[in-house]
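Participant: The following block contains the structure, expressed as structure tokens.
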Amino acid sequence: MRKGPPGMLERLNQAMEHIERHLDQPVEVKELARIAATSEHHLRRMFSALAGMPLSEYVRRRRLTVAGADVLAGRETLLDIAVRYGYSSGEAFARAFHAMHGIGPGQARRTGAALNSQSRMSFRLTIEGSSNMQYRVVDRADFTVVGFKTQVPLVHAGPNQAIVDFVRGTDPRALANLEKLSDQEPHGIVAVCDGLDPSRAEGTELDFHHGVITSADAPEGTTTLAVPAGTWVVFTTSRPAPQAIQELWRDVFTEWFPSNPYRTRTGPEILRTHLSPEKTGAHAELWLPVEPEHG
């Protein structure tokens, strides 16, 4: 086992330390990205993948954790505490406090109630080197995704039931006809997520496309997504199902990005999966838009 590159770990932890020093001040993602020496997009993407929550949610939960200690200490008025942690009114603070702790600040102070706590996070990424993930970096001309589109909520953990329901409700014959049009990589039916909210907050809407990449005209009743030219990193893996996809995502952000001079950029995320005949294994191909880390 070897540890991840100390330079990146140090920069990420410096960004986390900056958050701690500024919980009673505005925390700008732009400044955090500068400290981490990466882009705002990549910092948000990395954080949500590793922490299982958006960066903004972590900052909010840390603020309310520290504010909870101040509430119980009883040395300041609730309004003073609310204002210090960035809330415009006592009512707004009370709502946020209750959402996290399950009790209002006034009642918590009166009763000395037990509160929830968001622990400080630090990055200690380790690279096992035991996964069979393979990758290649590809420069692609612009291309078009043709298929069926819906809007779904972003889900951080577990299956996205809205996507599952949409795919199950798609006419198999229409998909079979679409698959015949596939003439570019990744070949076959693909799942494409696009238009994600920059915050990557749970429940925010994104566009989900189920279709093919093709130069053919779009059949009637289908939608198109034009994807501009750019650089992509393509990950492939073959593992037991159903954990193959989850393990691939995990390894991409805990092993590959910390070890390679690339960062994610804004653009669609493309996944193609193929189950073995026995449905016990899965071959997955994941395309992520990237740019040089210091380009």
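Identifiers in the structure tokens: chain A, B, ... in order shown; residue index from 1 per chain; ligand index from 1 in order shown.
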For range 206-209 of chain A, work out the shell of residues within 12 Å, counting only C-alpha atoms and skipping chain neighbours fewer than 3 positions away, then give it as number ranges by chain.

Facilitator: A: 144-155, 160, 162-164, 166-167, 170, 189-203, 212-213, 222-226, 267-272

Participant: Tell me, which residues of range 29-194 of chain A carry DSSP strand (DSSP E), written as a PyMOL selection string?

Facilitator: chain A and resi 126-127+134-140+143-153+190-194

Participant: Limited to C-alpha atoms, could you put the picked residues into a file as a PDB file, in the first residue's frame?

Facilitator:
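This is the output file result-v4.pdb:
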ATOM      1  CA  THR A 126      -4.625   5.647   0.149  1.00  0.00           C
ATOM      2  CA  ILE A 127      -4.095   3.823  -3.104  1.00  0.00           C
ATOM      3  CA  GLN A 134      -7.925   0.656 -16.955  1.00  0.00           C
ATOM      4  CA  TYR A 135      -7.992   4.085 -18.562  1.00  0.00           C
ATOM      5  CA  ARG A 136      -7.085   6.035 -21.661  1.00  0.00           C
ATOM      6  CA  VAL A 137      -7.177   9.761 -22.445  1.00  0.00           C
ATOM      7  CA  VAL A 138      -8.974  10.691 -25.666  1.00  0.00           C
ATOM      8  CA  ASP A 139      -9.295  13.949 -27.594  1.00  0.00           C
ATOM      9  CA  ARG A 140     -12.710  13.926 -29.225  1.00  0.00           C
ATOM     10  CA  PHE A 143     -20.495  14.582 -31.169  1.00  0.00           C
ATOM     11  CA  THR A 144     -24.214  14.115 -30.605  1.00  0.00           C
ATOM     12  CA  VAL A 145     -26.183  11.943 -28.206  1.00  0.00           C
ATOM     13  CA  VAL A 146     -29.538  10.852 -29.633  1.00  0.00           C
ATOM     14  CA  GLY A 147     -32.147   9.180 -27.475  1.00  0.00           C
ATOM     15  CA  PHE A 148     -34.714   9.785 -24.773  1.00  0.00           C
ATOM     16  CA  LYS A 149     -34.419  12.461 -22.113  1.00  0.00           C
ATOM     17  CA  THR A 150     -35.897  13.163 -18.705  1.00  0.00           C
ATOM     18  CA  GLN A 151     -35.076  15.206 -15.626  1.00  0.00           C
ATOM     19  CA  VAL A 152     -34.174  13.367 -12.440  1.00  0.00           C
ATOM     20  CA  PRO A 153     -33.005  14.394  -8.968  1.00  0.00           C
ATOM     21  CA  VAL A 190     -25.337   4.758 -23.050  1.00  0.00           C
ATOM     22  CA  ALA A 191     -26.560   6.624 -19.969  1.00  0.00           C
ATOM     23  CA  VAL A 192     -25.654  10.322 -19.997  1.00  0.00           C
ATOM     24  CA  CYS A 193     -25.951  12.773 -17.101  1.00  0.00           C
ATOM     25  CA  ASP A 194     -25.764  16.452 -18.042  1.00  0.00           C
TER      26      ASP A 194
END

Participant: So the first atom is CA of Pro261 in chain A and the second is CA of His41 in chain A; what is the distance between them in Å, to one decimal place?

Facilitator: 15.3 Å

Participant: For the atom pair CA of Met100 in chain A and CA of Gly68 in chain A, what is the interatomic distance in Å to one decimal place?

Facilitator: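 That distance, rounded to one decimal, is 9.9 Å.
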
Participant: Measuring between only C-alpha atoms, which one of A:Ala49, A:Ala82, A:Leu275, A:Ala108 shows the shortest distance to Leu248 in chain A?

Facilitator: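 Between A:Ala49, A:Ala82, A:Leu275, A:Ala108, the residue approaching Leu248 in chain A most closely is A:Ala49.
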
Participant: Per DSSP on the backbone, what are the helix (DSSP H, G or I) residues of range 6-221 of chain A, as a PyMOL selection string?

Facilitator: chain A and resi 6-21+29-36+40-51+55-73+78-84+90-101+105-111+161-168+172-179

Participant: What is the CA of Glu285 in chain A-CA of Asn177 in chain A distance in Å, reported with one decimal?

Facilitator: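 About the pair CA of Glu285 in chain A and CA of Asn177 in chain A: they are 21.6 Å apart.
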
Participant: Select from range 180-292 of chain A every residue with an atom at most 9 Å from any atom of range 31-40 of chain A, then for each give the shortest pair of atoms and their distance in Å to one decimal, using only C-alpha atoms, rows by chain and rising number, as CSV.

Facilitator:
residue,atom,partner,partner_atom,distance
A:Pro198,CA,A:Glu40,CA,8.9
A:Arg263,CA,A:Thr38,CA,7.4
A:Thr264,CA,A:Ser39,CA,8.4
A:Arg265,CA,A:Ser39,CA,8.2

Participant: Print the selection's residues with C-alpha atoms to a file, as a PDB file, in the first residue's frame.

Facilitator:
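Final output, out_5.pdb:
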ATOM      1  CA  PRO A 198     -22.717  23.355  -9.678  1.00  0.00           C
ATOM      2  CA  ARG A 263      -9.214  17.568 -13.330  1.00  0.00           C
ATOM      3  CA  THR A 264     -12.857  17.281 -14.284  1.00  0.00           C
ATOM      4  CA  ARG A 265     -14.445  19.999 -16.395  1.00  0.00           C
TER       5      ARG A 265
END

Participant: Within 8 Å of range 63-66 of chain A, counting only C-alpha atoms, which residues qualify if same-chain residues fewer than 4 places away don't, as a compact mmCIF listing (two decimals) with C-alpha atoms, in the first residue's frame?

Facilitator:
# COMPACT_ATOMS: atom_id res chain seq x y z
CA LEU A 23 -16.98 29.26 9.78
CA ASP A 24 -18.10 32.66 11.08
CA VAL A 59 -19.76 23.88 5.34
CA ASP A 70 -22.24 28.15 21.34
CA TYR A 85 -22.79 32.34 11.52
CA ALA A 96 -31.59 25.54 9.93
CA PHE A 97 -30.71 24.54 13.49
CA MET A 100 -29.83 19.53 11.56
CA ASN A 116 -25.89 16.21 16.21
CA SER A 117 -22.32 16.85 15.12
CA GLN A 118 -20.60 17.01 11.74

Participant: Pick out the residues sitting within 12 Å of Thr237 in chain A, and hand them over as a PDB file with N, CA and C atoms, in the first residue's frame; count only C-alpha atoms, and ignore anything fewer than 3 positions along from it in its own chain.

Facilitator:
ATOM      1  N   SER A 131      -7.067  -2.668  -7.863  1.00  0.00           N
ATOM      2  CA  SER A 131      -8.218  -2.688  -8.756  1.00  0.00           C
ATOM      3  C   SER A 131      -7.754  -2.953 -10.196  1.00  0.00           C
ATOM      4  N   ASN A 132      -8.686  -3.445 -11.004  1.00  0.00           N
ATOM      5  CA  ASN A 132      -8.349  -3.732 -12.395  1.00  0.00           C
ATOM      6  C   ASN A 132      -8.861  -2.645 -13.325  1.00  0.00           C
ATOM      7  N   MET A 133      -8.967  -1.422 -12.798  1.00  0.00           N
ATOM      8  CA  MET A 133      -9.415  -0.288 -13.587  1.00  0.00           C
ATOM      9  C   MET A 133      -8.362   0.067 -14.633  1.00  0.00           C
ATOM     10  N   GLN A 134      -8.796   0.217 -15.880  1.00  0.00           N
ATOM     11  CA  GLN A 134      -7.925   0.656 -16.955  1.00  0.00           C
ATOM     12  C   GLN A 134      -8.446   1.988 -17.482  1.00  0.00           C
ATOM     13  N   TYR A 135      -7.548   2.788 -18.054  1.00  0.00           N
ATOM     14  CA  TYR A 135      -7.992   4.085 -18.562  1.00  0.00           C
ATOM     15  C   TYR A 135      -7.201   4.473 -19.806  1.00  0.00           C
ATOM     16  N   VAL A 234     -11.277   7.878 -20.259  1.00  0.00           N
ATOM     17  CA  VAL A 234     -12.174   6.737 -20.417  1.00  0.00           C
ATOM     18  C   VAL A 234     -11.702   5.620 -19.491  1.00  0.00           C
ATOM     19  N   PRO A 240     -17.623  -8.078 -10.612  1.00  0.00           N
ATOM     20  CA  PRO A 240     -18.915  -8.668 -10.251  1.00  0.00           C
ATOM     21  C   PRO A 240     -20.006  -7.602 -10.180  1.00  0.00           C
ATOM     22  N   ALA A 241     -21.213  -7.962 -10.600  1.00  0.00           N
ATOM     23  CA  ALA A 241     -22.368  -7.062 -10.475  1.00  0.00           C
ATOM     24  C   ALA A 241     -23.039  -7.351  -9.126  1.00  0.00           C
ATOM     25  N   GLN A 243     -21.984  -4.352  -7.806  1.00  0.00           N
ATOM     26  CA  GLN A 243     -21.113  -3.344  -7.221  1.00  0.00           C
ATOM     27  C   GLN A 243     -20.093  -2.786  -8.210  1.00  0.00           C
ATOM     28  N   ALA A 244     -20.067  -3.306  -9.436  1.00  0.00           N
ATOM     29  CA  ALA A 244     -19.052  -2.880 -10.402  1.00  0.00           C
ATOM     30  C   ALA A 244     -19.048  -1.371 -10.607  1.00  0.00           C
ATOM     31  N   ILE A 245     -20.227  -0.778 -10.806  1.00  0.00           N
ATOM     32  CA  ILE A 245     -20.287   0.655 -11.113  1.00  0.00           C
ATOM     33  C   ILE A 245     -19.885   1.479  -9.905  1.00  0.00           C
ATOM     34  N   GLN A 246     -20.405   1.133  -8.728  1.00  0.00           N
ATOM     35  CA  GLN A 246     -20.069   1.895  -7.527  1.00  0.00           C
ATOM     36  C   GLN A 246     -18.579   1.835  -7.246  1.00  0.00           C
ATOM     37  N   GLU A 247     -17.967   0.672  -7.432  1.00  0.00           N
ATOM     38  CA  GLU A 247     -16.537   0.536  -7.181  1.00  0.00           C
ATOM     39  C   GLU A 247     -15.728   1.314  -8.211  1.00  0.00           C
ATOM     40  N   LEU A 248     -16.218   1.377  -9.450  1.00  0.00           N
ATOM     41  CA  LEU A 248     -15.523   2.142 -10.474  1.00  0.00           C
ATOM     42  C   LEU A 248     -15.515   3.622 -10.119  1.00  0.00           C
ATOM     43  N   TRP A 249     -16.673   4.166  -9.762  1.00  0.00           N
ATOM     44  CA  TRP A 249     -16.743   5.573  -9.354  1.00  0.00           C
ATOM     45  C   TRP A 249     -15.813   5.836  -8.176  1.00  0.00           C
ATOM     46  N   ASP A 251     -13.063   4.228  -7.257  1.00  0.00           N
ATOM     47  CA  ASP A 251     -11.653   4.171  -7.619  1.00  0.00           C
ATOM     48  C   ASP A 251     -11.234   5.363  -8.474  1.00  0.00           C
ATOM     49  N   VAL A 252     -12.125   5.850  -9.312  1.00  0.00           N
ATOM     50  CA  VAL A 252     -11.814   7.011 -10.148  1.00  0.00           C
ATOM     51  C   VAL A 252     -11.419   8.200  -9.287  1.00  0.00           C
ATOM     52  N   LEU A 271     -21.888   6.802 -19.330  1.00  0.00           N
ATOM     53  CA  LEU A 271     -21.633   5.460 -18.809  1.00  0.00           C
ATOM     54  C   LEU A 271     -22.281   4.428 -19.720  1.00  0.00           C
ATOM     55  N   ARG A 272     -21.497   3.395 -20.069  1.00  0.00           N
ATOM     56  CA  ARG A 272     -22.044   2.258 -20.794  1.00  0.00           C
ATOM     57  C   ARG A 272     -21.753   1.009 -19.986  1.00  0.00           C
ATOM     58  N   THR A 273     -22.761   0.197 -19.772  1.00  0.00           N
ATOM     59  CA  THR A 273     -22.583  -1.045 -19.022  1.00  0.00           C
ATOM     60  C   THR A 273     -23.104  -2.212 -19.843  1.00  0.00           C
ATOM     61  N   HIS A 274     -22.471  -3.356 -19.652  1.00  0.00           N
ATOM     62  CA  HIS A 274     -22.888  -4.576 -20.336  1.00  0.00           C
ATOM     63  C   HIS A 274     -22.805  -5.719 -19.346  1.00  0.00           C
ATOM     64  N   LEU A 275     -23.950  -6.335 -19.057  1.00  0.00           N
ATOM     65  CA  LEU A 275     -23.983  -7.449 -18.114  1.00  0.00           C
ATOM     66  C   LEU A 275     -23.575  -8.741 -18.800  1.00  0.00           C
ATOM     67  N   GLY A 281     -21.775 -10.560 -13.623  1.00  0.00           N
ATOM     68  CA  GLY A 281     -20.660  -9.645 -13.812  1.00  0.00           C
ATOM     69  C   GLY A 281     -21.053  -8.505 -14.725  1.00  0.00           C
ATOM     70  N   ALA A 282     -20.283  -7.433 -14.695  1.00  0.00           N
ATOM     71  CA  ALA A 282     -20.583  -6.272 -15.528  1.00  0.00           C
ATOM     72  C   ALA A 282     -19.297  -5.704 -16.101  1.00  0.00           C
ATOM     73  N   HIS A 283     -19.353  -5.341 -17.373  1.00  0.00           N
ATOM     74  CA  HIS A 283     -18.271  -4.588 -18.006  1.00  0.00           C
ATOM     75  C   HIS A 283     -18.756  -3.153 -18.119  1.00  0.00           C
ATOM     76  N   ALA A 284     -17.995  -2.229 -17.566  1.00  0.00           N
ATOM     77  CA  ALA A 284     -18.411  -0.831 -17.539  1.00  0.00           C
ATOM     78  C   ALA A 284     -17.384   0.045 -18.222  1.00  0.00           C
ATOM     79  N   GLU A 285     -17.883   1.062 -18.916  1.00  0.00           N
ATOM     80  CA  GLU A 285     -17.029   2.043 -19.578  1.00  0.00           C
ATOM     81  C   GLU A 285     -17.555   3.421 -19.197  1.00  0.00           C
ATOM     82  N   LEU A 286     -16.726   4.215 -18.537  1.00  0.00           N
ATOM     83  CA  LEU A 286     -17.113   5.524 -18.022  1.00  0.00           C
ATOM     84  C   LEU A 286     -16.290   6.608 -18.704  1.00  0.00           C
TER      85      LEU A 286
END

Participant: Restricting the calculation to only C-alpha atoms, which member of A:Ser215, A:Gln14, A:Ala141, A:Thr204 is positioned closest to Thr231 in chain A?

Facilitator: A:Ala141
